[in-house]
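S.K.: Quick one: the structure is below, and I'll ask about it shortly.
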2 protein chains.
Amino acid sequence: MSDEGSAISPKTISRLPIYWRYLKELDDFGIERISSQELAKRIGVTPSQLRQDLNQFGQFGQHGYGYPISELLISISRLLGLNKSWRMIIVGVGNLGKAIASYPNFGKRNIKLTALFDVDPGKVGTVVAGVKIRNISEMPSFFKEQPVDIGTICTTPEAAQAVAEMMEAGGALGIWNFAPVKLKTSLPVKHLHLGDSILELLYCINRRNEE
Amino acid sequence: MSDEGSAISPKTISRLPIYWRYLKELDDFGIERISSQELAKRIGVTPSQLRQDLNQFGQFGQHGYGYPISELLISISRLLGLNKSWRMIIVGVGNLGKAIASYPNFGKRNIKLTALFDVDPGKVGTVVAGVKIRNISEMPSFFKEQPVDIGTICTTPEAAQAVAEMMEAGGALGIWNFAPVKLKTSLPVKHLHLGDSILELLYCINRRNEE
DNA sequence: TAGATTGTTAATCGATTAACAATC
DNA sequence: TAGATTGTTAATCGATTAACAATC
């Protein structure tokens, strides 16, 4: 609806969750004010970058004093959508799906796990993280009963595209994808692949040891 | 030792694992040659970027013909260290630690899980993914018995820094960190945080729905 | 040879850092 | 007021895209 603050750069967006975490910690400690220098040092960015980032969506600081933590925290929370609550499902309840289902910090982020789906009849009916596993064939009807905001894909790469399509058709708003495939969808997708991540580390290790 | 190819840009490095995956798939299919246009399309980058990336560490293509897949695959594999084998331990065997321990694709990457550690006496002695969980107090002596290349941290954020220090002291070569804290260490660290990842997605979802 | 596709240079774009006037 | 620290402009740096001569 509104376009205030219009475009925040992608790099800044990727840092917002980190800012949020640190500000929340400070706020929980009851600290009210912090300078860009001090905050940047804790987070591990330059003060200049921090100020540039924050100025993309507001003017929070006070010359000579620094930033009011709780005010800043509220703004970033709003940007990230943390003032609303979100419903999430997970499709594919293997080891990774289970681990994500059991992730203890969704609550802090206002995300609620509402359903789990799997193809394995042996798993269907069992309970993980307090949520019953349903057969994947029930997905379309489930979407009709209760809306889903976030669809998490923890299936094999082969199954992922079909699952993404079911999610989009069902009205999910975004996809959190742990399967190593590029999904074709018009929904926003955040991709996270363990295998790619470890290879990036391996490159760094390998390079250091060759020099 | 050698410095051939010297510096590959960080952005290119982050794409190498993806290139590796796609090239491996093509190679497994027995395909021998591909143009930058075709490969880029599959991967989801521009042909120009792909060629710029590849030319940072060699000249593989043949004018008018494209790139020899297996040769390129071998080169990227070497860069990523996949021609060597690597030993990994995981510290903190909660849900996430278990899921990582059970990740089925380490073998393809020549990574072997050699030990698991936890502080919980109730877990110590039990077996996950075929590996016995040891008490974290045994870590220093374990490092003396068998070298560790990759130290994976799946502990609480509070414990992470101390674990990282034990890993560095023990001679680990790099740290794969799933705890949401910035580690102080001289080792290469690859950070992966579920909570940050989902917030990035949430931002995108939220932004779309506000417009 | 003609067609295709690379390697590479130049142009563009975006992100980071530095610097400092504005101001609490 | 004097000191501190912001908001913002300008300078730098790096990454992406476009274009095309080189060449298989």
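By convention here, the chains of the structure tokens are called A, B, ... in the order presented, each chain's residues are numbered starting at 1, and ligands are numbered starting at 1 in the order presented.
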Could you list, with a cut-off of 6 Å and counting only C-alpha atoms, the residues of chain A near chain B, each shown with its nearest atom pair and the distance in Å rounded to one decimal, rows sorted by chain and ascending number, as CSV?
M.R.:
```
residue,atom,partner,partner_atom,distance
A:Met1,CA,B:Glu211,CA,4.1
A:Pro17,CA,B:Asp196,CA,5.2
A:Leu80,CA,B:Tyr203,CA,4.4
A:Gly81,CA,B:Asn206,CA,5.6
A:Asn95,CA,B:Ala99,CA,4.7
A:Leu96,CA,B:Ala99,CA,5.0
A:Ala99,CA,B:Asn95,CA,4.7
A:Lys190,CA,B:Leu201,CA,5.6
A:Asp196,CA,B:Pro17,CA,5.2
A:Leu199,CA,B:Pro17,CA,6.0
A:Leu201,CA,B:Lys190,CA,5.6
A:Leu202,CA,B:Leu80,CA,6.0
A:Tyr203,CA,B:Leu80,CA,4.4
A:Asn206,CA,B:Gly81,CA,5.6
A:Glu210,CA,B:Met1,CA,5.3
A:Glu211,CA,B:Met1,CA,4.2
```
S.K.: Could you name the residues that touch D:DC20 at 12 Å or less, counting only C-alpha atoms (C1' of nucleotides), but leaving out those on the same chain fewer than 3 positions away, as a VMD selection string?
M.R.: chain C and resid 5 to 10
S.K.: For the residues in the current selection, export all heavy atoms as a short mmCIF file (atom, residue, chain, number, x, y, z; two decimals), in the first residue's frame.
M.R.:
```cif
data_model
loop_
_atom_site.label_atom_id
_atom_site.label_comp_id
_atom_site.auth_asym_id
_atom_site.auth_seq_id
_atom_site.Cartn_x
_atom_site.Cartn_y
_atom_site.Cartn_z
P DT C 5 27.00 -22.14 -29.96
OP1 DT C 5 26.74 -23.47 -29.39
OP2 DT C 5 25.97 -21.08 -29.98
"O5'" DT C 5 28.27 -21.54 -29.23
"C5'" DT C 5 29.45 -22.30 -29.14
"C4'" DT C 5 30.52 -21.42 -28.56
"O4'" DT C 5 30.92 -20.43 -29.53
"C3'" DT C 5 30.06 -20.63 -27.32
"O3'" DT C 5 31.04 -20.74 -26.33
"C2'" DT C 5 29.95 -19.22 -27.83
"C1'" DT C 5 31.11 -19.23 -28.83
N1 DT C 5 31.13 -18.09 -29.77
C2 DT C 5 32.36 -17.58 -30.13
O2 DT C 5 33.41 -18.04 -29.74
N3 DT C 5 32.31 -16.50 -30.97
C4 DT C 5 31.18 -15.90 -31.47
O4 DT C 5 31.27 -14.94 -32.22
C5 DT C 5 29.93 -16.47 -31.06
C7 DT C 5 28.64 -15.88 -31.53
C6 DT C 5 29.96 -17.53 -30.23
P DT C 6 30.76 -20.34 -24.82
OP1 DT C 6 30.34 -21.53 -24.09
OP2 DT C 6 29.93 -19.12 -24.78
"O5'" DT C 6 32.25 -19.96 -24.41
"C5'" DT C 6 33.29 -20.87 -24.69
"C4'" DT C 6 34.51 -20.12 -25.21
"O4'" DT C 6 34.08 -19.22 -26.25
"C3'" DT C 6 35.22 -19.27 -24.16
"O3'" DT C 6 36.51 -19.82 -23.90
"C2'" DT C 6 35.29 -17.87 -24.74
"C1'" DT C 6 34.82 -18.02 -26.18
N1 DT C 6 33.94 -16.92 -26.65
C2 DT C 6 34.50 -15.93 -27.42
O2 DT C 6 35.69 -15.88 -27.71
N3 DT C 6 33.61 -14.96 -27.84
C4 DT C 6 32.25 -14.89 -27.58
O4 DT C 6 31.57 -13.99 -28.03
C5 DT C 6 31.75 -15.97 -26.76
C7 DT C 6 30.29 -15.98 -26.42
C6 DT C 6 32.59 -16.92 -26.33
P DG C 7 37.23 -19.48 -22.49
OP1 DG C 7 38.31 -20.45 -22.27
OP2 DG C 7 36.19 -19.27 -21.48
"O5'" DG C 7 37.86 -18.06 -22.84
"C5'" DG C 7 39.04 -17.99 -23.62
"C4'" DG C 7 39.47 -16.55 -23.78
"O4'" DG C 7 38.36 -15.79 -24.33
"C3'" DG C 7 39.85 -15.85 -22.47
"O3'" DG C 7 41.04 -15.09 -22.75
"C2'" DG C 7 38.63 -14.98 -22.14
"C1'" DG C 7 38.08 -14.65 -23.52
N9 DG C 7 36.63 -14.47 -23.60
C8 DG C 7 35.65 -15.23 -22.99
N7 DG C 7 34.43 -14.84 -23.28
C5 DG C 7 34.61 -13.76 -24.14
C6 DG C 7 33.66 -12.93 -24.79
O6 DG C 7 32.42 -12.98 -24.73
N1 DG C 7 34.27 -11.94 -25.58
C2 DG C 7 35.62 -11.80 -25.72
N2 DG C 7 36.02 -10.81 -26.52
N3 DG C 7 36.53 -12.57 -25.13
C4 DG C 7 35.95 -13.52 -24.35
P DT C 8 41.62 -14.09 -21.70
OP1 DT C 8 43.04 -13.88 -22.01
OP2 DT C 8 41.20 -14.51 -20.34
"O5'" DT C 8 40.83 -12.77 -22.07
"C5'" DT C 8 41.08 -12.15 -23.32
"C4'" DT C 8 40.48 -10.76 -23.30
"O4'" DT C 8 39.04 -10.86 -23.41
"C3'" DT C 8 40.74 -9.98 -22.01
"O3'" DT C 8 40.95 -8.63 -22.36
"C2'" DT C 8 39.45 -10.12 -21.24
"C1'" DT C 8 38.47 -10.06 -22.41
N1 DT C 8 37.11 -10.55 -22.13
C2 DT C 8 36.07 -10.00 -22.85
O2 DT C 8 36.24 -9.14 -23.69
N3 DT C 8 34.83 -10.48 -22.53
C4 DT C 8 34.52 -11.44 -21.58
O4 DT C 8 33.36 -11.79 -21.39
C5 DT C 8 35.66 -11.98 -20.86
C7 DT C 8 35.45 -13.03 -19.82
C6 DT C 8 36.88 -11.51 -21.16
P DT C 9 41.71 -7.67 -21.39
OP1 DT C 9 43.15 -7.98 -21.46
OP2 DT C 9 41.01 -7.66 -20.08
"O5'" DT C 9 41.43 -6.27 -22.11
"C5'" DT C 9 40.99 -6.24 -23.48
"C4'" DT C 9 39.84 -5.27 -23.59
"O4'" DT C 9 38.58 -5.95 -23.29
"C3'" DT C 9 39.93 -4.09 -22.62
"O3'" DT C 9 39.62 -2.89 -23.32
"C2'" DT C 9 38.86 -4.39 -21.57
"C1'" DT C 9 37.83 -5.14 -22.42
N1 DT C 9 36.93 -6.05 -21.66
C2 DT C 9 35.60 -6.07 -21.99
O2 DT C 9 35.11 -5.39 -22.86
N3 DT C 9 34.84 -6.94 -21.23
C4 DT C 9 35.27 -7.76 -20.21
O4 DT C 9 34.49 -8.49 -19.61
C5 DT C 9 36.69 -7.68 -19.91
C7 DT C 9 37.24 -8.52 -18.81
C6 DT C 9 37.43 -6.84 -20.63
P DA C 10 39.78 -1.49 -22.60
OP1 DA C 10 40.71 -0.70 -23.42
OP2 DA C 10 40.03 -1.71 -21.15
"O5'" DA C 10 38.31 -0.90 -22.73
"C5'" DA C 10 37.41 -1.37 -23.74
"C4'" DA C 10 36.02 -0.87 -23.40
"O4'" DA C 10 35.33 -1.90 -22.64
"C3'" DA C 10 35.99 0.39 -22.54
"O3'" DA C 10 34.94 1.23 -23.04
"C2'" DA C 10 35.75 -0.14 -21.12
"C1'" DA C 10 34.87 -1.36 -21.41
N9 DA C 10 34.94 -2.44 -20.41
C8 DA C 10 36.02 -2.90 -19.72
N7 DA C 10 35.75 -3.89 -18.90
C5 DA C 10 34.40 -4.12 -19.08
C6 DA C 10 33.50 -5.04 -18.50
N6 DA C 10 33.86 -5.96 -17.60
N1 DA C 10 32.22 -4.99 -18.90
C2 DA C 10 31.86 -4.08 -19.81
N3 DA C 10 32.60 -3.15 -20.43
C4 DA C 10 33.88 -3.23 -20.00
#
```
S.K.: Check stretch 16-78 of chain B with DSSP on the backbone and list each residue it calls strand (DSSP E or B), as a ChimeraX atom specification.
M.R.: /B:33-34,62,66-68
S.K.: Restricted to N, CA and C atoms, what would the selected residues look like written as a PDB file, in the first residue's frame?
M.R.:
```pdb
ATOM      1  N   ARG B  33      29.982 -31.726 -23.206  1.00  0.00           N
ATOM      2  CA  ARG B  33      30.278 -30.355 -23.603  1.00  0.00           C
ATOM      3  C   ARG B  33      29.059 -29.483 -23.383  1.00  0.00           C
ATOM      4  N   ILE B  34      29.287 -28.231 -23.009  1.00  0.00           N
ATOM      5  CA  ILE B  34      28.156 -27.320 -22.846  1.00  0.00           C
ATOM      6  C   ILE B  34      28.616 -25.892 -23.085  1.00  0.00           C
ATOM      7  N   GLN B  62      36.426 -23.666 -25.478  1.00  0.00           N
ATOM      8  CA  GLN B  62      36.970 -23.700 -26.822  1.00  0.00           C
ATOM      9  C   GLN B  62      36.084 -22.797 -27.663  1.00  0.00           C
ATOM     10  N   GLY B  66      32.282 -24.391 -26.785  1.00  0.00           N
ATOM     11  CA  GLY B  66      31.800 -24.439 -25.413  1.00  0.00           C
ATOM     12  C   GLY B  66      32.832 -25.021 -24.464  1.00  0.00           C
ATOM     13  N   TYR B  67      32.362 -25.518 -23.327  1.00  0.00           N
ATOM     14  CA  TYR B  67      33.247 -25.997 -22.275  1.00  0.00           C
ATOM     15  C   TYR B  67      33.193 -27.515 -22.139  1.00  0.00           C
ATOM     16  N   PRO B  68      34.367 -28.133 -21.947  1.00  0.00           N
ATOM     17  CA  PRO B  68      34.407 -29.574 -21.663  1.00  0.00           C
ATOM     18  C   PRO B  68      34.018 -29.798 -20.208  1.00  0.00           C
TER      19      PRO B  68
END
```
S.K.: With a cut-off of 9 Å and counting only C-alpha atoms (C1' of nucleotides), select all residues of chain D in contact with chain B and give the selection as number ranges by chain.
M.R.: D: 14-18, 22-24
S.K.: So that I have them on file, write out the residues from the current selection with N, CA, C and O atoms (P, O5', C5', C4', C3', O3' and C1' of nucleotides), as a CSV table (one decimal), in the first residue's frame.
M.R.:
```
chain,number,residue,atom,x,y,z
D,14,DG,P,38.4,-3.8,-3.9
D,14,DG,O5',37.1,-4.4,-4.4
D,14,DG,C5',36.0,-4.6,-3.5
D,14,DG,C4',34.8,-5.0,-4.3
D,14,DG,C3',35.1,-6.2,-5.3
D,14,DG,O3',34.0,-7.1,-5.2
D,14,DG,C1',34.1,-4.5,-6.4
D,15,DA,P,34.0,-8.5,-5.8
D,15,DA,O5',32.5,-8.8,-6.2
D,15,DA,C5',31.5,-7.9,-5.8
D,15,DA,C4',30.5,-7.8,-6.9
D,15,DA,C3',30.5,-9.0,-7.9
D,15,DA,O3',29.1,-9.3,-8.1
D,15,DA,C1',30.8,-7.0,-9.1
D,16,DT,P,28.6,-10.5,-9.0
D,16,DT,O5',27.9,-9.8,-10.2
D,16,DT,C5',26.9,-8.8,-9.9
D,16,DT,C4',26.6,-8.1,-11.2
D,16,DT,C3',26.2,-9.1,-12.4
D,16,DT,O3',24.9,-8.7,-12.8
D,16,DT,C1',27.8,-7.4,-13.1
D,17,DT,P,24.1,-9.5,-14.0
D,17,DT,O5',24.4,-8.6,-15.2
D,17,DT,C5',24.1,-7.2,-15.2
D,17,DT,C4',24.6,-6.5,-16.4
D,17,DT,C3',24.2,-7.3,-17.7
D,17,DT,O3',23.5,-6.3,-18.5
D,17,DT,C1',26.5,-6.7,-17.7
D,18,DA,P,22.9,-6.7,-20.0
D,18,DA,O5',24.0,-6.1,-20.9
D,18,DA,C5',24.6,-4.8,-20.6
D,18,DA,C4',25.5,-4.4,-21.7
D,18,DA,C3',25.1,-4.9,-23.1
D,18,DA,O3',25.4,-3.9,-24.0
D,18,DA,C1',27.3,-5.6,-22.5
D,22,DA,P,41.1,-8.9,-33.0
D,22,DA,O5',40.9,-10.3,-32.3
D,22,DA,C5',41.4,-10.5,-31.0
D,22,DA,C4',41.3,-12.0,-30.6
D,22,DA,C3',42.0,-12.9,-31.6
D,22,DA,O3',42.7,-13.9,-30.8
D,22,DA,C1',39.7,-13.5,-31.5
D,23,DT,P,43.5,-15.1,-31.5
D,23,DT,O5',42.4,-16.2,-31.7
D,23,DT,C5',42.0,-17.1,-30.7
D,23,DT,C4',41.1,-18.1,-31.3
D,23,DT,C3',41.6,-18.9,-32.5
D,23,DT,O3',41.4,-20.2,-32.3
D,23,DT,C1',39.5,-18.1,-32.9
D,24,DC,P,42.5,-21.2,-31.7
D,24,DC,O5',41.8,-22.6,-31.6
D,24,DC,C5',40.7,-22.8,-30.6
D,24,DC,C4',39.5,-23.3,-31.2
D,24,DC,C3',39.7,-24.5,-32.2
D,24,DC,O3',39.3,-25.7,-31.6
D,24,DC,C1',38.1,-22.9,-33.0
```
S.K.: Find the residues around B:Met139 up to 9 Å (only C-alpha atoms (C1' of nucleotides) counted), leave out those fewer than 2 positions away in its own chain, and share them as a list in words.
M.R.: Phe117, Arg134, Asn135, Ile136, Ser137, Ser141, Phe142, Phe143, Lys144, Met166, Met167 and Gly170 of chain B
S.K.: Using DSSP assignments from the backbone, pull out every residue in stretch 103-201 of chain B that falls under alpha helix (DSSP H) and give it to me as number ranges by chain.
M.R.: B: 139-145, 157-170, 194-201
S.K.: Could you write out that same residue set with N, CA, C and O atoms as an mmCIF file, in the first residue's frame?
M.R.:
```cif
data_model
loop_
_atom_site.group_PDB
_atom_site.id
_atom_site.type_symbol
_atom_site.label_atom_id
_atom_site.label_comp_id
_atom_site.auth_asym_id
_atom_site.auth_seq_id
_atom_site.Cartn_x
_atom_site.Cartn_y
_atom_site.Cartn_z
ATOM 1 N N MET B 139 37.105 -33.771 24.348
ATOM 2 C CA MET B 139 37.522 -33.151 23.088
ATOM 3 C C MET B 139 39.042 -32.972 22.961
ATOM 4 O O MET B 139 39.626 -33.396 21.959
ATOM 5 N N PRO B 140 39.698 -32.365 23.954
ATOM 6 C CA PRO B 140 41.141 -32.131 23.786
ATOM 7 C C PRO B 140 41.923 -33.416 23.520
ATOM 8 O O PRO B 140 42.772 -33.463 22.637
ATOM 9 N N SER B 141 41.585 -34.469 24.244
ATOM 10 C CA SER B 141 42.334 -35.717 24.032
ATOM 11 C C SER B 141 41.996 -36.333 22.675
ATOM 12 O O SER B 141 42.855 -36.902 22.014
ATOM 13 N N PHE B 142 40.742 -36.163 22.249
ATOM 14 C CA PHE B 142 40.361 -36.681 20.928
ATOM 15 C C PHE B 142 41.175 -36.016 19.827
ATOM 16 O O PHE B 142 41.674 -36.675 18.915
ATOM 17 N N PHE B 143 41.320 -34.716 19.921
ATOM 18 C CA PHE B 143 42.097 -33.982 18.917
ATOM 19 C C PHE B 143 43.541 -34.489 18.833
ATOM 20 O O PHE B 143 44.153 -34.467 17.768
ATOM 21 N N LYS B 144 44.061 -34.933 19.979
ATOM 22 C CA LYS B 144 45.441 -35.449 19.962
ATOM 23 C C LYS B 144 45.512 -36.795 19.258
ATOM 24 O O LYS B 144 46.484 -37.111 18.581
ATOM 25 N N GLU B 145 44.445 -37.599 19.421
ATOM 26 C CA GLU B 145 44.425 -38.924 18.786
ATOM 27 C C GLU B 145 44.246 -38.844 17.277
ATOM 28 O O GLU B 145 44.955 -39.477 16.524
ATOM 29 N N PRO B 157 24.211 -20.442 21.713
ATOM 30 C CA PRO B 157 25.103 -19.318 21.444
ATOM 31 C C PRO B 157 26.076 -19.054 22.607
ATOM 32 O O PRO B 157 27.223 -18.674 22.373
ATOM 33 N N GLU B 158 25.642 -19.316 23.810
ATOM 34 C CA GLU B 158 26.487 -19.060 24.974
ATOM 35 C C GLU B 158 27.736 -19.943 24.974
ATOM 36 O O GLU B 158 28.824 -19.516 25.377
ATOM 37 N N ALA B 159 27.572 -21.181 24.543
ATOM 38 C CA ALA B 159 28.695 -22.122 24.596
ATOM 39 C C ALA B 159 29.604 -22.020 23.383
ATOM 40 O O ALA B 159 30.749 -22.482 23.409
ATOM 41 N N ALA B 160 29.111 -21.398 22.314
ATOM 42 C CA ALA B 160 29.800 -21.471 21.020
ATOM 43 C C ALA B 160 31.238 -20.954 21.040
ATOM 44 O O ALA B 160 32.153 -21.594 20.499
ATOM 45 N N GLN B 161 31.457 -19.804 21.674
ATOM 46 C CA GLN B 161 32.802 -19.222 21.644
ATOM 47 C C GLN B 161 33.836 -20.150 22.298
ATOM 48 O O GLN B 161 34.921 -20.357 21.761
ATOM 49 N N ALA B 162 33.463 -20.725 23.438
ATOM 50 C CA ALA B 162 34.388 -21.623 24.134
ATOM 51 C C ALA B 162 34.697 -22.847 23.272
ATOM 52 O O ALA B 162 35.843 -23.306 23.203
ATOM 53 N N VAL B 163 33.670 -23.351 22.590
ATOM 54 C CA VAL B 163 33.861 -24.517 21.722
ATOM 55 C C VAL B 163 34.792 -24.160 20.559
ATOM 56 O O VAL B 163 35.697 -24.914 20.213
ATOM 57 N N ALA B 164 34.573 -22.980 19.994
ATOM 58 C CA ALA B 164 35.431 -22.538 18.895
ATOM 59 C C ALA B 164 36.884 -22.472 19.342
ATOM 60 O O ALA B 164 37.793 -22.875 18.604
ATOM 61 N N GLU B 165 37.094 -21.997 20.552
ATOM 62 C CA GLU B 165 38.468 -21.904 21.064
ATOM 63 C C GLU B 165 39.093 -23.282 21.257
ATOM 64 O O GLU B 165 40.271 -23.492 20.967
ATOM 65 N N MET B 166 38.301 -24.220 21.721
ATOM 66 C CA MET B 166 38.810 -25.590 21.865
ATOM 67 C C MET B 166 39.176 -26.159 20.496
ATOM 68 O O MET B 166 40.180 -26.858 20.347
ATOM 69 N N MET B 167 38.341 -25.858 19.513
ATOM 70 C CA MET B 167 38.604 -26.367 18.168
ATOM 71 C C MET B 167 39.892 -25.776 17.611
ATOM 72 O O MET B 167 40.725 -26.482 17.057
ATOM 73 N N GLU B 168 40.043 -24.476 17.776
ATOM 74 C CA GLU B 168 41.249 -23.832 17.266
ATOM 75 C C GLU B 168 42.477 -24.375 17.983
ATOM 76 O O GLU B 168 43.486 -24.711 17.344
ATOM 77 N N ALA B 169 42.387 -24.477 19.311
ATOM 78 C CA ALA B 169 43.509 -24.990 20.085
ATOM 79 C C ALA B 169 43.851 -26.424 19.663
ATOM 80 O O ALA B 169 45.021 -26.812 19.622
ATOM 81 N N GLY B 170 42.842 -27.196 19.343
ATOM 82 C CA GLY B 170 43.050 -28.589 18.965
ATOM 83 C C GLY B 170 43.621 -28.768 17.566
ATOM 84 O O GLY B 170 44.072 -29.847 17.193
ATOM 85 N N LEU B 194 19.655 -20.374 10.923
ATOM 86 C CA LEU B 194 18.264 -20.573 10.502
ATOM 87 C C LEU B 194 17.401 -19.356 10.792
ATOM 88 O O LEU B 194 16.597 -18.941 9.961
ATOM 89 N N GLY B 195 17.567 -18.791 11.958
ATOM 90 C CA GLY B 195 16.730 -17.669 12.364
ATOM 91 C C GLY B 195 16.921 -16.446 11.472
ATOM 92 O O GLY B 195 15.957 -15.755 11.141
ATOM 93 N N ASP B 196 18.144 -16.186 11.069
ATOM 94 C CA ASP B 196 18.404 -15.060 10.173
ATOM 95 C C ASP B 196 17.827 -15.333 8.793
ATOM 96 O O ASP B 196 17.268 -14.444 8.141
ATOM 97 N N SER B 197 17.974 -16.571 8.360
ATOM 98 C CA SER B 197 17.495 -16.952 7.032
ATOM 99 C C SER B 197 15.982 -16.770 6.895
ATOM 100 O O SER B 197 15.492 -16.176 5.927
ATOM 101 N N ILE B 198 15.259 -17.243 7.877
ATOM 102 C CA ILE B 198 13.793 -17.136 7.788
ATOM 103 C C ILE B 198 13.341 -15.675 7.876
ATOM 104 O O ILE B 198 12.366 -15.283 7.233
ATOM 105 N N LEU B 199 14.086 -14.845 8.599
ATOM 106 C CA LEU B 199 13.705 -13.436 8.681
ATOM 107 C C LEU B 199 13.905 -12.718 7.347
ATOM 108 O O LEU B 199 13.142 -11.822 6.994
ATOM 109 N N GLU B 200 14.930 -13.127 6.623
ATOM 110 C CA GLU B 200 15.136 -12.540 5.305
ATOM 111 C C GLU B 200 13.942 -12.844 4.400
ATOM 112 O O GLU B 200 13.459 -11.995 3.665
ATOM 113 N N LEU B 201 13.484 -14.102 4.476
ATOM 114 C CA LEU B 201 12.304 -14.482 3.694
ATOM 115 C C LEU B 201 11.077 -13.696 4.163
ATOM 116 O O LEU B 201 10.304 -13.190 3.348
#
```
S.K.: Mind checking which residues fall within 7 Å of B:Asp27, counting only C-alpha atoms (C1' of nucleotides), ignoring those fewer than 4 positions away in the same chain, and posting them as a PyMOL selection string?
M.R.: chain B and resi 23+31-32+69-70
S.K.: To one decimal place in Å, what is the distance between atom CA of A:Gly58 and atom C1' of D:DC13?
M.R.: 26.1 Å
